[in-house]
$ cat protein12.csv   # CSV, C-alpha atoms
chain,number,residue,atom,x,y,z
R,3,MET,CA,-22.9,1.4,11.6
R,4,ASN,CA,-22.4,1.1,15.3
R,5,LYS,CA,-21.8,4.6,16.7
R,6,ASN,CA,-19.6,3.1,19.5
R,7,ASN,CA,-16.9,2.0,17.1
R,8,TYR,CA,-16.3,5.2,15.2
R,9,PRO,CA,-15.5,8.8,16.2
R,10,GLU,CA,-18.6,10.9,16.9
R,11,HIS,CA,-18.3,13.0,13.8
R,12,PHE,CA,-18.0,9.9,11.6
R,13,GLU,CA,-21.8,9.5,11.4
R,14,LEU,CA,-22.1,13.1,10.2
R,15,LEU,CA,-20.0,12.5,7.1
R,16,PRO,CA,-21.6,12.0,3.7
R,17,GLU,CA,-22.4,8.3,3.1
R,18,ASN,CA,-19.8,8.0,0.3
R,19,LEU,CA,-17.0,9.4,2.5
R,20,ARG,CA,-18.0,7.0,5.4
R,21,ALA,CA,-18.0,4.0,3.0
R,22,THR,CA,-14.7,5.0,1.5
R,23,ALA,CA,-13.0,5.6,4.8
R,24,LEU,CA,-14.4,2.3,6.2
R,25,LEU,CA,-13.3,0.4,3.1
R,26,PHE,CA,-9.8,1.9,3.0
R,27,GLY,CA,-9.3,1.5,6.8
R,28,THR,CA,-10.5,-2.1,6.8
R,29,LEU,CA,-8.4,-3.1,3.8
R,30,ALA,CA,-5.3,-1.4,5.2
R,31,GLN,CA,-5.7,-3.3,8.5
R,32,THR,CA,-6.3,-6.6,6.7
R,33,VAL,CA,-3.2,-6.2,4.5
R,34,ILE,CA,-1.1,-5.2,7.6
R,35,LYS,CA,-2.5,-8.3,9.4
R,36,TYR,CA,-1.6,-10.5,6.4
R,37,PHE,CA,1.9,-8.9,6.1
R,38,ASN,CA,4.3,-11.2,7.8
R,39,SER,CA,6.2,-8.6,9.8
R,40,GLU,CA,7.5,-10.9,12.5
R,41,GLU,CA,9.3,-13.2,10.1
R,42,ILE,CA,11.0,-10.4,8.2
R,43,SER,CA,11.4,-8.1,11.2
R,44,LEU,CA,10.1,-5.0,9.4
R,45,THR,CA,7.6,-2.5,10.8
R,46,PRO,CA,4.6,-1.8,8.6
R,47,LEU,CA,6.0,1.7,8.1
R,48,ASN,CA,9.3,0.3,6.9
R,49,PHE,CA,7.5,-2.1,4.6
R,50,ILE,CA,5.6,0.9,3.1
R,51,ILE,CA,8.9,2.6,2.5
R,52,VAL,CA,10.4,-0.4,0.7
R,53,SER,CA,7.1,-0.9,-1.3
R,54,ASN,CA,7.1,2.7,-2.4
R,55,SER,CA,10.7,2.5,-3.5
R,56,PHE,CA,9.8,-0.6,-5.5
R,57,MET,CA,6.7,1.1,-7.1
R,58,SER,CA,8.6,4.4,-7.8
R,59,PRO,CA,12.3,3.6,-8.1
R,60,GLY,CA,14.3,6.8,-7.7
R,61,ILE,CA,11.6,8.6,-5.7
R,62,SER,CA,13.1,11.6,-3.9
R,63,MET,CA,13.2,11.5,-0.1
R,64,SER,CA,11.0,14.6,0.0
R,65,ASP,CA,8.4,13.1,-2.3
R,66,LEU,CA,8.5,9.8,-0.4
R,67,ALA,CA,8.0,11.6,3.0
R,68,THR,CA,5.0,13.5,1.6
R,69,ARG,CA,3.5,10.4,-0.1
R,70,ILE,CA,3.5,8.3,3.1
R,71,GLY,CA,2.8,11.2,5.5
R,72,ILE,CA,5.8,11.3,7.7
R,73,SER,CA,8.5,13.8,8.6
R,74,LYS,CA,11.7,14.0,6.6
R,75,PRO,CA,13.8,13.2,9.7
R,76,GLN,CA,11.6,10.2,10.5
R,77,LEU,CA,12.0,9.0,6.9
R,78,SER,CA,15.7,9.5,7.0
R,79,ARG,CA,16.0,7.3,10.1
R,80,SER,CA,13.9,4.6,8.6
R,81,VAL,CA,15.7,4.6,5.3
R,82,SER,CA,19.1,4.3,7.2
R,83,LYS,CA,17.8,1.2,8.9
R,84,LEU,CA,16.5,-0.2,5.6
R,85,GLU,CA,19.9,0.5,4.0
R,86,GLU,CA,21.6,-1.4,6.9
R,87,MET,CA,19.2,-4.3,6.1
R,88,ASN,CA,20.2,-4.1,2.4
R,89,LEU,CA,16.7,-3.4,1.2
R,90,VAL,CA,17.1,0.1,-0.3
R,91,GLU,CA,19.8,2.5,-1.2
R,92,ARG,CA,20.0,6.3,-1.4
R,93,ARG,CA,21.7,8.0,-4.3
R,94,HIS,CA,22.3,11.6,-5.1
R,95,ASN,CA,20.3,12.8,-8.1
R,96,GLN,CA,22.6,13.2,-11.1
R,97,GLU,CA,21.0,16.5,-12.2
R,98,ASN,CA,20.6,18.1,-8.8
R,99,ARG,CA,23.0,16.8,-6.1
R,100,ARG,CA,20.9,18.3,-3.3
R,101,ILE,CA,18.1,15.8,-4.1
R,102,VAL,CA,18.5,12.3,-2.7
R,103,ASN,CA,16.6,9.5,-4.4
R,104,VAL,CA,15.6,6.1,-2.9
R,105,TYR,CA,16.0,2.9,-4.9
R,106,PRO,CA,15.1,-0.7,-4.0
R,107,ILE,CA,17.9,-3.2,-4.3
R,108,GLU,CA,17.4,-6.8,-5.3
R,109,SER,CA,16.7,-8.1,-1.8
R,110,GLY,CA,14.1,-5.3,-1.3
R,111,THR,CA,12.5,-6.1,-4.6
R,112,ASN,CA,12.4,-9.8,-3.6
R,113,LEU,CA,10.8,-8.9,-0.3
R,114,VAL,CA,8.1,-6.9,-1.9
R,115,HIS,CA,7.3,-9.8,-4.3
R,116,GLU,CA,7.3,-12.4,-1.5
R,117,GLN,CA,5.0,-10.3,0.7
R,118,PHE,CA,2.7,-9.4,-2.2
R,119,GLU,CA,2.3,-13.2,-2.9
R,120,ASN,CA,1.7,-13.8,0.8
R,121,VAL,CA,-1.0,-11.2,1.0
R,122,VAL,CA,-2.6,-12.4,-2.2
R,123,GLU,CA,-2.6,-16.0,-1.0
R,124,LYS,CA,-4.2,-15.1,2.4
R,125,LEU,CA,-6.8,-12.9,0.6
R,126,ASP,CA,-7.6,-15.7,-1.8
R,127,ASN,CA,-8.0,-18.1,1.2
R,128,THR,CA,-10.3,-15.7,3.0
R,129,LEU,CA,-12.4,-14.8,-0.1
R,130,SER,CA,-12.7,-18.5,-1.2
R,131,SER,CA,-15.3,-18.9,1.6
R,132,LEU,CA,-17.7,-16.7,-0.4
R,133,PRO,CA,-20.0,-18.2,-2.9
R,134,ILE,CA,-18.9,-17.8,-6.5
R,135,GLU,CA,-21.7,-15.3,-7.2
R,136,ASP,CA,-20.5,-13.1,-4.3
R,137,ARG,CA,-16.9,-13.3,-5.5
R,138,GLN,CA,-17.9,-12.3,-9.1
R,139,ARG,CA,-20.0,-9.4,-7.7
R,140,LEU,CA,-17.2,-8.3,-5.4
R,141,ASN,CA,-14.8,-8.3,-8.4
R,142,SER,CA,-17.2,-6.2,-10.5
R,143,LEU,CA,-17.8,-3.7,-7.7
R,144,MET,CA,-14.1,-3.4,-6.8
R,145,THR,CA,-13.1,-3.0,-10.4
R,146,GLU,CA,-15.7,-0.3,-10.9
R,147,SER,CA,-14.6,1.4,-7.6
R,148,LEU,CA,-11.0,1.4,-8.7
R,149,GLU,CA,-11.9,3.0,-12.1
R,150,ILE,CA,-13.8,5.8,-10.2
R,151,LEU,CA,-11.0,6.3,-7.6
R,152,SER,CA,-8.5,6.5,-10.4
R,153,LYS,CA,-10.5,9.4,-11.9
R,154,ALA,CA,-10.0,11.2,-8.6
R,155,GLY,CA,-6.3,10.4,-8.6
R,156,ILE,CA,-6.5,8.2,-5.5
R,157,VAL,CA,-5.3,5.1,-7.2
R,158,PRO,CA,-3.4,4.7,-10.4
R,159,GLU,CA,-5.3,3.8,-13.5
R,160,ILE,CA,-5.9,0.1,-13.8
R,161,LYS,CA,-5.3,-1.4,-17.2
R,162,LYS,CA,-8.0,-4.0,-18.0
R,163,ASP,CA,-6.7,-7.5,-18.7
R,164,SER,CA,-9.0,-9.9,-20.6
R,165,ASN,CA,-7.2,-12.8,-18.7
R,166,THR,CA,-8.2,-11.5,-15.2
R,167,LYS,CA,-9.9,-14.2,-13.1
R,168,SER,CA,-13.0,-13.5,-10.9

$ encode --input "protein12.csv" --output "structure tokens"
Amino acid sequence: MNKNNYPEHFELLPENLRATALLFGTLAQTVIKYFNSEEISLTPLNFIIVSNSFMSPGISMSDLATRIGISKPQLSRSVSKLEEMNLVERRHNQENRRIVNVYPIESGTNLVHEQFENVVEKLDNTLSSLPIEDRQRLNSLMTESLEILSKAGIVPEIKKDSNTKS
């Protein structure tokens, strides 16, 4: 790794942490690059909020702020904007009125689906330049990595599908 491109302490990290940080960082940048934010006028942060409300409908504002690593006031401002755009809605929890939950609404769900398809299409186009052997190896390594990361609680457990393509 080129020392000039990473913080000085990066080279001192154990190899597995360097590789994981580099992989996650690079993949996050790639997905954000493939995310069509200009067309839909959402910031990456707002898309993350909509996506999380889609993946965890009814998530509390507190849990959502913690999950994405922002302050509650910052989340509240962002959710207000997303409500104005008719992508999510807040509802008071029926069991504890002090808790406010965030839910996607239909247009938010449609947006997540469209952007997911957009990212998948662009990834497929990028990866199609690789020889089939490399794509198969990448699939095997990524699947194994996801299985290991799920044991650490970093990603949800992936259910194996016999119809999955390489």

$ residues_around --input "protein12.csv" --residues "range 20-23 of chain R" --least-positions-apart "6" --cutoff "12 Å" --atoms "all atoms listed in the file" --output "ChimeraX atom specification"
/R:3,8-9,11-14,29-30,144,147-148,150-151,156

$ atom_distance --input "protein12.csv" --atom1 "CA of Pro75 in chain R" --atom2 "CA of Tyr105 in chain R"
18.0 Å

$ closest_residue --input "protein12.csv" --among "R:Pro46, R:Thr68, R:Gln138, R:Lys83" --to "Gln31 in chain R" --atoms "only C-alpha atoms"
R:Pro46

$ atom_distance --input "protein12.csv" --atom1 "CA of Pro59 in chain R" --atom2 "CA of His94 in chain R"
13.2 Å

$ atom_distance --input "protein12.csv" --atom1 "CA of Leu89 in chain R" --atom2 "CA of Glu108 in chain R"
7.4 Å

$ residues_around --input "protein12.csv" --residues "Val81 in chain R" --least-positions-apart "3" --cutoff "10 Å" --atoms "only C-alpha atoms" --output "list of chain:residue names"
R:Asn48, R:Ile51, R:Val52, R:Met63, R:Pro75, R:Gln76, R:Leu77, R:Ser78, R:Leu84, R:Glu85, R:Glu86, R:Met87, R:Leu89, R:Val90, R:Glu91, R:Arg92, R:Val104

$ closest_residue --input "protein12.csv" --among "R:Ser62, R:Thr45, R:Thr32, R:Asn18" --to "Thr128 in chain R" --atoms "all atoms listed in the file"
R:Thr32

$ residues_around --input "protein12.csv" --residues "range 33-38 of chain R" --least-positions-apart "5" --cutoff "7 Å" --atoms "all atoms listed in the file" --output "PyMOL selection string"
chain R and resi 46+117+121+124
